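Enquirer: Structure supplied as final.txt; contents: compact mmCIF, C-alpha atoms.
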# COMPACT_ATOMS: atom_id res chain seq x y z
CA MET A 26 10.38 19.22 59.12
CA HIS A 27 12.63 17.62 56.52
CA PRO A 28 10.47 16.96 53.41
CA ALA A 29 11.62 13.40 52.67
CA PRO A 30 10.71 12.29 49.10
CA SER A 31 9.44 8.92 50.32
CA VAL A 32 6.86 10.51 52.63
CA ILE A 33 5.78 13.01 49.97
CA ILE A 34 5.24 10.19 47.48
CA PHE A 35 3.41 8.17 50.15
CA THR A 36 0.94 10.88 51.18
CA THR A 37 0.34 11.98 47.57
CA LEU A 38 -0.18 8.61 45.89
CA SER A 39 -1.90 6.71 48.69
CA GLY A 40 -4.42 9.53 49.15
CA LEU A 41 -5.30 9.43 45.45
CA GLY A 42 -5.42 5.64 45.36
CA PHE A 43 -7.68 5.25 48.37
CA GLY A 44 -9.77 8.16 47.11
CA LEU A 45 -10.44 6.26 43.88
CA LEU A 46 -11.21 3.06 45.84
CA ILE A 47 -13.78 4.99 47.88
CA PHE A 48 -15.72 5.92 44.75
CA LEU A 49 -15.37 2.46 43.23
CA GLY A 50 -16.78 1.00 46.44
CA LEU A 51 -19.77 3.32 46.11
CA GLY A 52 -20.34 2.21 42.53
CA MET A 53 -18.95 5.32 40.85
CA PRO A 54 -18.40 4.62 38.05
CA ALA A 55 -20.60 1.55 37.66
CA VAL A 56 -18.12 -0.63 35.77
CA THR A 57 -17.68 -4.37 35.39
CA GLY A 58 -15.37 -6.73 33.56
CA LEU A 59 -12.22 -5.34 31.95
CA ASN A 60 -13.19 -1.73 32.62
CA ALA A 61 -13.50 -2.47 36.33
CA PHE A 62 -10.14 -4.24 36.26
CA TRP A 63 -8.35 -1.14 34.94
CA PHE A 64 -9.99 1.19 37.47
CA PHE A 65 -9.06 -1.11 40.34
CA ALA A 66 -5.56 -1.56 38.93
CA ILE A 67 -5.01 2.21 38.97
CA GLY A 68 -6.38 2.47 42.51
CA TYR A 69 -4.18 -0.34 43.80
CA VAL A 70 -1.02 0.86 42.05
CA LEU A 71 -1.42 4.29 43.64
CA ALA A 72 -2.49 3.08 47.09
CA VAL A 73 -0.02 0.21 47.44
CA GLY A 74 2.77 2.12 45.71
CA GLY A 75 2.33 4.98 48.14
CA LEU A 76 2.30 2.68 51.15
CA LEU A 77 5.43 0.87 50.00
CA SER A 78 7.28 4.15 49.42
CA SER A 79 6.68 5.12 53.06
CA THR A 80 8.80 2.18 54.24
CA PHE A 81 11.90 3.73 52.66
CA HIS A 82 11.78 6.43 55.33
CA LEU A 83 12.12 3.84 58.08
CA GLY A 84 15.49 3.04 59.57
CA HIS A 85 14.66 -0.69 59.42
CA PRO A 86 11.96 -1.31 56.78
CA GLU A 87 12.07 -5.03 57.52
CA ARG A 88 10.56 -4.32 60.94
CA ALA A 89 7.55 -2.44 59.54
CA TRP A 90 5.28 -5.39 60.34
CA LYS A 91 5.82 -4.75 64.07
CA ALA A 92 3.88 -1.49 63.80
CA PHE A 93 0.63 -3.45 63.51
CA SER A 94 0.88 -4.50 67.17
CA GLN A 95 0.65 -0.96 68.56
CA TRP A 96 -2.90 -0.18 67.48
CA ARG A 97 -4.00 0.86 70.98
CA SER A 98 -1.75 3.91 71.01
CA SER A 99 -0.31 4.47 67.54
CA TRP A 100 -2.10 6.09 64.61
CA LEU A 101 0.58 4.63 62.36
CA SER A 102 -0.45 1.16 63.50
CA ARG A 103 -4.13 1.96 62.99
CA GLU A 104 -3.32 3.24 59.52
CA GLY A 105 -1.61 -0.04 58.63
CA ILE A 106 -4.52 -2.14 59.90
CA CYS A 107 -7.10 0.02 58.08
CA ALA A 108 -5.06 -0.08 54.87
CA VAL A 109 -4.73 -3.88 54.86
CA ALA A 110 -8.43 -4.33 55.70
CA ALA A 111 -9.44 -1.87 52.97
CA LEU A 112 -7.25 -3.49 50.32
CA ILE A 113 -8.49 -7.00 51.12
CA THR A 114 -12.15 -5.94 51.20
CA MET A 115 -11.87 -3.98 47.96
CA ALA A 116 -10.05 -6.91 46.31
CA LEU A 117 -13.02 -9.16 47.07
CA TYR A 118 -15.45 -6.50 45.87
CA GLY A 119 -13.40 -5.95 42.73
CA ALA A 120 -13.28 -9.67 42.03
CA GLY A 121 -17.06 -9.75 41.97
CA LEU A 122 -17.16 -6.92 39.42
CA VAL A 123 -14.34 -8.21 37.23
CA PHE A 124 -14.92 -11.96 37.19
CA PHE A 125 -18.58 -12.43 38.08
CA ASP A 126 -20.18 -9.22 36.76
CA SER A 127 -21.76 -8.83 40.22
CA GLN A 128 -21.84 -5.81 42.49
CA TRP A 129 -21.63 -6.98 46.08
CA ALA A 130 -22.81 -3.66 47.52
CA ILE A 131 -22.17 -4.42 51.19
CA LEU A 132 -18.52 -5.24 50.47
CA GLY A 133 -18.24 -2.09 48.39
CA TRP A 134 -19.62 0.14 51.14
CA LEU A 135 -17.41 -1.52 53.75
CA GLY A 136 -14.36 -1.16 51.51
CA ALA A 137 -15.18 2.51 50.87
CA ALA A 138 -15.52 3.15 54.62
CA LEU A 139 -12.22 1.40 55.35
CA SER A 140 -10.49 3.34 52.56
CA LEU A 141 -11.81 6.60 54.01
CA GLY A 142 -10.68 5.42 57.44
CA THR A 143 -7.19 4.77 56.08
CA VAL A 144 -6.87 8.35 54.83
CA PHE A 145 -8.16 9.63 58.18
CA THR A 146 -5.67 7.57 60.19
CA THR A 147 -2.87 8.82 57.93
CA SER A 148 -3.89 12.40 58.66
CA MET A 149 -4.01 11.73 62.40
CA ILE A 150 -0.38 10.62 62.41
CA TYR A 151 0.39 14.30 61.85
CA ALA A 152 -2.62 16.01 63.45
CA GLN A 153 -1.97 14.41 66.87
CA MET A 154 1.57 15.87 67.08
CA LYS A 155 1.43 18.68 69.65
CA THR A 156 5.11 19.33 68.95
CA VAL A 157 4.19 20.60 65.46
CA PRO A 158 1.53 23.31 66.03
CA ARG A 159 0.96 23.80 62.29
CA TRP A 160 -0.32 20.20 62.08
CA HIS A 161 -2.03 19.98 65.47
CA MET A 162 -5.48 21.22 64.41
CA PRO A 163 -8.74 19.78 62.97
CA TRP A 164 -7.98 21.32 59.58
CA THR A 165 -5.25 18.73 58.96
CA PRO A 166 -7.61 15.71 58.73
CA ALA A 167 -10.06 17.85 56.73
CA LYS A 168 -7.29 18.68 54.27
CA PHE A 169 -6.22 15.04 53.82
CA LEU A 170 -9.79 13.80 53.42
CA THR A 171 -10.94 16.44 50.94
CA LEU A 172 -7.80 16.11 48.82
CA SER A 173 -8.26 12.34 48.72
CA LEU A 174 -11.93 12.61 47.78
CA ALA A 175 -11.28 15.30 45.16
CA GLY A 176 -8.52 13.24 43.56
CA GLY A 177 -10.64 10.11 43.75
CA ALA A 178 -13.58 11.81 42.05
CA LEU A 179 -11.25 13.10 39.37
CA LEU A 180 -9.81 9.65 38.69
CA ALA A 181 -13.29 8.08 38.78
CA GLY A 182 -14.53 10.47 36.10
CA GLN A 183 -17.16 12.09 38.34
CA VAL A 184 -16.80 15.51 36.74
CA THR A 185 -19.44 17.55 38.60
CA LEU A 186 -18.57 16.04 41.96
CA ALA A 187 -14.86 16.50 41.26
CA ILE A 188 -15.34 20.22 40.61
CA VAL A 189 -17.25 20.66 43.88
CA LEU A 190 -14.68 18.67 45.87
CA LEU A 191 -11.74 20.48 44.23
CA ILE A 192 -13.25 23.83 45.29
CA LEU A 193 -13.79 22.52 48.83
CA ALA A 194 -10.30 21.00 49.04
CA GLY A 195 -8.77 24.22 47.71
CA ALA A 196 -10.60 26.31 50.32
CA ILE A 197 -9.51 24.01 53.15
CA THR A 198 -5.92 23.92 51.89
CA LEU A 199 -5.88 27.72 51.85
CA ALA A 200 -7.29 27.75 55.39
CA THR A 201 -4.52 25.43 56.63
CA TRP A 202 -1.90 27.77 55.17
CA ILE A 203 -3.40 30.90 56.70
CA ILE A 204 -4.17 29.40 60.12
CA GLY A 205 -0.96 27.40 60.16
CA ASP A 206 1.21 30.52 59.73
CA THR A 207 0.27 31.71 63.23
CA ALA A 208 -0.12 28.31 64.90
CA PHE A 209 3.41 28.21 66.33
CA ALA A 210 3.08 31.65 67.91
CA ARG A 211 -0.36 30.83 69.31
CA SER A 212 0.88 27.57 70.84
CA GLY A 213 2.69 29.50 73.56
CA THR A 214 5.87 27.49 73.07
CA ASP A 215 9.12 29.43 73.42
CA MET A 216 12.73 29.06 74.59
CA GLU A 217 11.59 29.03 78.20
CA THR A 218 9.14 26.15 77.74
CA ALA A 219 11.56 24.30 75.43
CA THR A 220 14.30 24.23 78.07
CA GLY A 221 12.05 24.08 81.14
CA LEU A 222 13.91 27.05 82.64
CA GLY A 223 11.15 29.62 82.34
CA ALA A 224 10.71 29.81 86.11
CA ILE A 225 14.03 31.62 86.54
CA GLY A 226 13.38 34.24 83.85
CA ARG A 227 14.02 34.83 80.16
CA VAL A 228 16.24 32.20 78.55
CA LYS A 229 18.82 32.90 75.87
CA ALA A 230 21.19 30.38 74.32
CA PHE A 231 24.82 31.08 75.20
CA GLU A 232 26.26 28.59 72.73
CA PRO A 233 24.77 26.04 70.27
CA PRO A 234 24.12 22.62 71.89
CA HIS A 235 26.31 20.95 69.25
CA THR A 236 29.24 21.95 67.10
CA GLY A 237 27.65 20.17 64.11
CA THR A 238 24.31 18.84 62.92
CA ASN A 239 22.65 15.79 64.43
CA TYR A 240 19.62 13.61 63.69
CA LEU A 241 17.12 15.99 65.29
CA MET A 242 18.43 18.93 63.30
CA ARG A 243 18.40 16.99 60.03
CA GLU A 244 14.90 15.58 60.46
CA PHE A 245 12.98 18.20 62.42
CA ILE A 246 14.48 21.54 61.42
CA HIS A 247 13.90 22.78 57.90
CA VAL A 248 13.53 26.48 57.14
CA VAL A 249 11.73 27.75 54.05
CA GLY A 250 12.00 31.41 53.06
CA ARG A 251 8.69 33.29 53.05
CA LYS A 252 9.22 34.35 49.43
CA HIS A 253 9.77 30.76 48.27
CA SER A 254 6.86 29.52 50.37
CA THR A 255 4.46 32.01 48.77
CA LYS A 256 5.57 31.07 45.26
CA LEU A 257 5.16 27.36 45.96
CA ARG A 258 1.71 27.92 47.46
CA ILE A 259 0.61 29.70 44.30
CA ILE A 260 2.02 26.90 42.14
CA ALA A 261 0.39 24.21 44.31
CA GLY A 262 -2.99 25.95 44.32
CA ALA A 263 -2.95 26.56 40.58
CA LEU A 264 -1.91 23.04 39.61
CA ALA A 265 -3.96 21.13 42.20
CA PHE A 266 -7.22 23.07 41.93
CA VAL A 267 -7.48 25.93 39.43
CA VAL A 268 -6.13 24.18 36.31
CA PRO A 269 -8.11 20.92 36.85
CA ILE A 270 -11.35 22.86 37.43
CA ILE A 271 -10.84 24.90 34.25
CA LEU A 272 -10.08 21.73 32.26
CA LEU A 273 -13.15 19.96 33.65
CA LEU A 274 -15.36 22.84 32.57
CA LEU A 275 -14.25 22.37 28.95
CA PRO A 276 -16.01 19.88 26.62
CA PHE A 277 -14.99 16.41 27.81
CA SER A 278 -12.22 14.48 26.12
CA HIS A 279 -9.85 11.82 27.43
CA ILE A 280 -6.82 14.04 26.77
CA ILE A 281 -8.30 16.87 28.84
CA ALA A 282 -9.16 14.41 31.62
CA ILE A 283 -5.58 13.06 31.67
CA LEU A 284 -4.15 16.59 31.76
CA ALA A 285 -6.45 17.46 34.66
CA VAL A 286 -5.25 14.40 36.61
CA ILE A 287 -1.56 15.12 35.89
CA SER A 288 -1.95 18.75 36.94
CA HIS A 289 -3.76 17.75 40.14
CA ILE A 290 -1.10 15.19 41.10
CA ALA A 291 1.70 17.72 40.50
CA GLY A 292 -0.13 20.31 42.59
CA VAL A 293 -0.83 17.91 45.45
CA ALA A 294 2.82 16.78 45.47
CA THR A 295 3.90 20.44 45.74
CA ALA A 296 1.42 21.04 48.55
CA ARG A 297 2.70 17.94 50.34
CA TRP A 298 6.29 19.21 50.10
CA LEU A 299 5.14 22.45 51.71
CA PHE A 300 3.17 20.50 54.32
CA PHE A 301 6.43 19.05 55.64
CA ALA A 302 8.86 21.86 54.81
CA GLU A 303 6.77 24.53 56.56
CA ALA A 304 6.11 22.46 59.69
CA GLU A 305 7.96 23.99 62.64
CA HIS A 306 8.87 21.40 65.27
CA VAL A 307 9.33 22.86 68.75
CA VAL A 308 12.71 21.12 69.08
CA GLY A 309 14.02 23.90 66.82
CA LEU A 310 13.72 26.31 69.75
CA TYR A 311 16.34 24.36 71.69
CA TYR A 312 18.76 24.79 68.80
CA GLY A 313 17.92 28.45 68.27
CA LYS A 314 16.30 27.84 64.87
CA ARG A 315 12.83 29.26 65.59
Is it possible to express this structure as structure tokens?
Expert:
Amino acid sequence: MHPAPSVIIFTTLSGLGFGLLIFLGLGMPAVTGLNAFWFFAIGYVLAVGGLLSSTFHLGHPERAWKAFSQWRSSWLSREGICAVAALITMALYGAGLVFFDSQWAILGWLGAALSLGTVFTTSMIYAQMKTVPRWHMPWTPAKFLTLSLAGGALLAGQVTLAIVLLILAGAITLATWIIGDTAFARSGTDMETATGLGAIGRVKAFEPPHTGTNYLMREFIHVVGRKHSTKLRIIAGALAFVVPIILLLLPFSHIIAILAVISHIAGVATARWLFFAEAEHVVGLYYGKR
């Protein structure tokens, strides 16, 4: 798949933002007043900024509001509804902490659940795609959720929990890479199934379907060399998990905490690029690219 910058920014920032809102909704850290304001500000900037960046990948961003009407069948629509509900609920909860020095626990728990639901619905946009075998597995939602929770714990200053979640997220990310590498072959999809001509025997393309590129080729066919993929996986794993864990094990300081967050964000962004760049869409078979 074509790794569009807008979608990479969206999945990276919104996951971190909603991850932080989850912990704030659970009272971690237990802040009020100005301190609460800054924590919520960071969460909202990341979550809303990520959501807004996703609209730049749409052909007609002004029509984005129409997606809310397709909640019965579209995970994108469900994501939008969950996101709006989470942001409104957490705004009310945050107002209680900032302006009234009151923790309205029920609102916090509801907001945390909706924030978690938003991350899950985002993951299902990709996990439900049978046409991309690398994504079509339970590990995809697990990866999104653990990365969001690990980043949220890191931003919320929950050091011990962040270390545990970073280890878990790293293990699941590694699993998605290993299992994903054979997912396309295991899906049973080939040139025969892609063209529907398997009944008459083995199919081989005589000529390319087009003399030039088209929309499908630009958006759904992106080939990454195995050597480059391995290097980027090492970089992503080191920055997203190894470096933050090492920094968190050092004596605490705000500079170390900031460096851990920056490293994690850079690593997650790299992993997100790979998430899209390595995804093999079955349409590539029709064009002889798989």
Enquirer: What is the atom CA of A:Ala108 to atom CA of A:Trp298 distance in Å?
Expert: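 Atom CA of A:Trp298 lies 22.9 Å from atom CA of A:Ala108.
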Enquirer: To one decimal place in Å, what is the distance between atom CA of A:Ala116 and atom CA of A:Val56?
Expert: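 Separating atom CA of A:Ala116 from atom CA of A:Val56 is a distance of 14.7 Å.
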Enquirer: Record the distance separating atom CA of A:Val293 and atom CA of A:Ala194, expressed in Å with one decimal.
Expert: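 That distance, rounded to one decimal, is 10.6 Å.
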Enquirer: Let me make sure I understand: among A:Gly221, A:Gly133, A:Gly40, A:Gly176, which one has the smallest atom-to-atom distance to A:Ser288 if we use only C-alpha atoms?
Expert: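 Of A:Gly221, A:Gly133, A:Gly40, A:Gly176, the one nearest A:Ser288, counting only C-alpha atoms, is A:Gly176.
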Enquirer: I want to know what sits within 10 Å of A:Met162, based on only C-alpha atoms, with residues of the same chain fewer than 3 positions away left out; could you give that as a ChimeraX atom specification?
Expert: /A:149,151-155,157-159,165-167,201,204-205,208
Enquirer: Pick the closest to A:Thr214 from A:Gly309, A:Gly50, A:Gly42, A:Gly75: which is it, counting all atoms listed in the file?
Expert: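 Of the candidates, the smallest distance to A:Thr214 is held by A:Gly309.
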Enquirer: Got a sec to check which residues sit within 8 Å of (-4.9, 5.9, 48.1), counting all atoms listed in the file, and write them as a list of chain:residue names?
Expert: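 All residues meeting the 8 Å criterion around (-4.9, 5.9, 48.1) are A:Leu38, A:Ser39, A:Gly40, A:Leu41, A:Gly42, A:Phe43, A:Gly44, A:Leu45, A:Leu46, A:Gly68, A:Tyr69, A:Leu71, A:Ala72, A:Val73, A:Gly75, A:Ser140, A:Val144, A:Ser173.
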Enquirer: Find, counting all atoms listed in the file, the residue in A:Leu257, A:Trp160, A:Leu132, A:His279 that gets nearest to A:Asp206.
Expert: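 For A:Asp206, the nearest of the given residues is A:Trp160.
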Enquirer: For A:Thr147, which of A:Arg227, A:Arg211, A:Phe169, A:Thr198 is the closest residue, counting only C-alpha atoms?
Expert: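 Counting only C-alpha atoms, the residue closest to A:Thr147 is A:Phe169.
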Enquirer: For each of A:Leu310, A:Ile283, A:Ile34, A:Ala187, take the minimum atom-to-atom distance to A:Ile246, counting only C-alpha atoms, then give the residue where this is smallest.
Expert: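 Selected residue with least distance to A:Ile246: A:Leu310.
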Enquirer: Find the residue from A:Ala230, A:Phe266, A:Ala137, A:Ile260 that sits nearest to A:Ala196; use all atoms listed in the file when measuring.
Expert: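 Checking each of A:Ala230, A:Phe266, A:Ala137, A:Ile260 against A:Ala196, counting all atoms listed in the file, the winner is A:Phe266.
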Enquirer: Missing atoms in stretch 118-129 of chain A: fill them in up to all heavy atoms and send the result as a CSV table (one decimal), in the coordinates of the input.
Expert:
chain,number,residue,atom,x,y,z
A,118,TYR,N,-14.4,-7.2,46.6
A,118,TYR,CA,-15.4,-6.5,45.9
A,118,TYR,C,-15.1,-6.4,44.4
A,118,TYR,O,-16.0,-6.6,43.5
A,118,TYR,CB,-15.6,-5.1,46.5
A,118,TYR,CG,-16.6,-4.2,45.8
A,118,TYR,CD1,-18.0,-4.5,45.8
A,118,TYR,CD2,-16.1,-3.1,45.1
A,118,TYR,CE1,-18.9,-3.7,45.1
A,118,TYR,CE2,-17.0,-2.3,44.4
A,118,TYR,CZ,-18.4,-2.5,44.5
A,118,TYR,OH,-19.3,-1.7,43.8
A,119,GLY,N,-13.9,-6.1,44.1
A,119,GLY,CA,-13.4,-6.0,42.7
A,119,GLY,C,-13.5,-7.3,42.0
A,119,GLY,O,-13.8,-7.3,40.8
A,120,ALA,N,-13.2,-8.4,42.7
A,120,ALA,CA,-13.3,-9.7,42.0
A,120,ALA,C,-14.7,-10.0,41.6
A,120,ALA,O,-14.9,-10.5,40.5
A,120,ALA,CB,-12.8,-10.8,43.0
A,121,GLY,N,-15.7,-9.6,42.4
A,121,GLY,CA,-17.1,-9.8,42.0
A,121,GLY,C,-17.4,-9.0,40.7
A,121,GLY,O,-18.1,-9.5,39.8
A,122,LEU,N,-16.9,-7.7,40.6
A,122,LEU,CA,-17.2,-6.9,39.4
A,122,LEU,C,-16.4,-7.4,38.2
A,122,LEU,O,-17.0,-7.5,37.1
A,122,LEU,CB,-16.7,-5.5,39.7
A,122,LEU,CG,-17.5,-4.7,40.7
A,122,LEU,CD1,-16.9,-3.3,41.0
A,122,LEU,CD2,-19.0,-4.5,40.3
A,123,VAL,N,-15.2,-7.8,38.4
A,123,VAL,CA,-14.3,-8.2,37.2
A,123,VAL,C,-14.7,-9.6,36.7
A,123,VAL,O,-14.8,-9.8,35.5
A,123,VAL,CB,-12.8,-8.1,37.6
A,123,VAL,CG1,-12.0,-8.6,36.5
A,123,VAL,CG2,-12.5,-6.7,38.0
A,124,PHE,N,-14.8,-10.6,37.6
A,124,PHE,CA,-14.9,-12.0,37.2
A,124,PHE,C,-16.4,-12.5,37.2
A,124,PHE,O,-16.7,-13.4,36.4
A,124,PHE,CB,-14.1,-12.9,38.1
A,124,PHE,CG,-12.6,-12.5,38.1
A,124,PHE,CD1,-12.0,-12.0,39.2
A,124,PHE,CD2,-11.9,-12.8,36.9
A,124,PHE,CE1,-10.7,-11.6,39.1
A,124,PHE,CE2,-10.5,-12.5,36.9
A,124,PHE,CZ,-9.9,-11.9,38.0
A,125,PHE,N,-17.2,-11.9,38.0
A,125,PHE,CA,-18.6,-12.4,38.1
A,125,PHE,C,-19.7,-11.4,37.6
A,125,PHE,O,-20.8,-11.8,37.7
A,125,PHE,CB,-18.9,-12.9,39.5
A,125,PHE,CG,-17.9,-13.9,40.0
A,125,PHE,CD1,-16.9,-13.5,40.9
A,125,PHE,CD2,-17.9,-15.2,39.6
A,125,PHE,CE1,-15.9,-14.4,41.4
A,125,PHE,CE2,-17.0,-16.1,40.1
A,125,PHE,CZ,-16.0,-15.8,41.0
A,126,ASP,N,-19.2,-10.2,37.2
A,126,ASP,CA,-20.2,-9.2,36.8
A,126,ASP,C,-21.2,-8.9,37.8
A,126,ASP,O,-22.4,-8.7,37.5
A,126,ASP,CB,-20.8,-9.7,35.4
A,126,ASP,CG,-21.5,-8.5,34.7
A,126,ASP,OD1,-21.1,-7.3,35.0
A,126,ASP,OD2,-22.4,-8.7,33.9
A,127,SER,N,-20.8,-9.0,39.1
A,127,SER,CA,-21.8,-8.8,40.2
A,127,SER,C,-21.3,-7.7,41.1
A,127,SER,O,-20.1,-7.7,41.5
A,127,SER,CB,-21.9,-10.1,41.0
A,127,SER,OG,-22.4,-11.2,40.2
A,128,GLN,N,-22.2,-6.9,41.6
A,128,GLN,CA,-21.8,-5.8,42.5
A,128,GLN,C,-22.3,-6.2,43.9
A,128,GLN,O,-23.5,-6.1,44.2
A,128,GLN,CB,-22.5,-4.5,42.1
A,128,GLN,CG,-22.1,-3.3,42.9
A,128,GLN,CD,-22.8,-2.0,42.5
A,128,GLN,OE1,-23.9,-2.1,42.0
A,128,GLN,NE2,-22.1,-0.9,42.6
A,129,TRP,N,-21.3,-6.6,44.7
A,129,TRP,CA,-21.6,-7.0,46.1
A,129,TRP,C,-21.6,-5.7,46.9
A,129,TRP,O,-20.5,-5.3,47.5
A,129,TRP,CB,-20.6,-8.0,46.6
A,129,TRP,CG,-20.7,-9.3,45.7
A,129,TRP,CD1,-21.7,-9.8,45.1
A,129,TRP,CD2,-19.6,-10.1,45.4
A,129,TRP,NE1,-21.4,-11.0,44.4
A,129,TRP,CE2,-20.1,-11.2,44.6
A,129,TRP,CE3,-18.2,-10.2,45.8
A,129,TRP,CZ2,-19.3,-12.2,44.1
A,129,TRP,CZ3,-17.4,-11.2,45.3
A,129,TRP,CH2,-17.9,-12.2,44.5
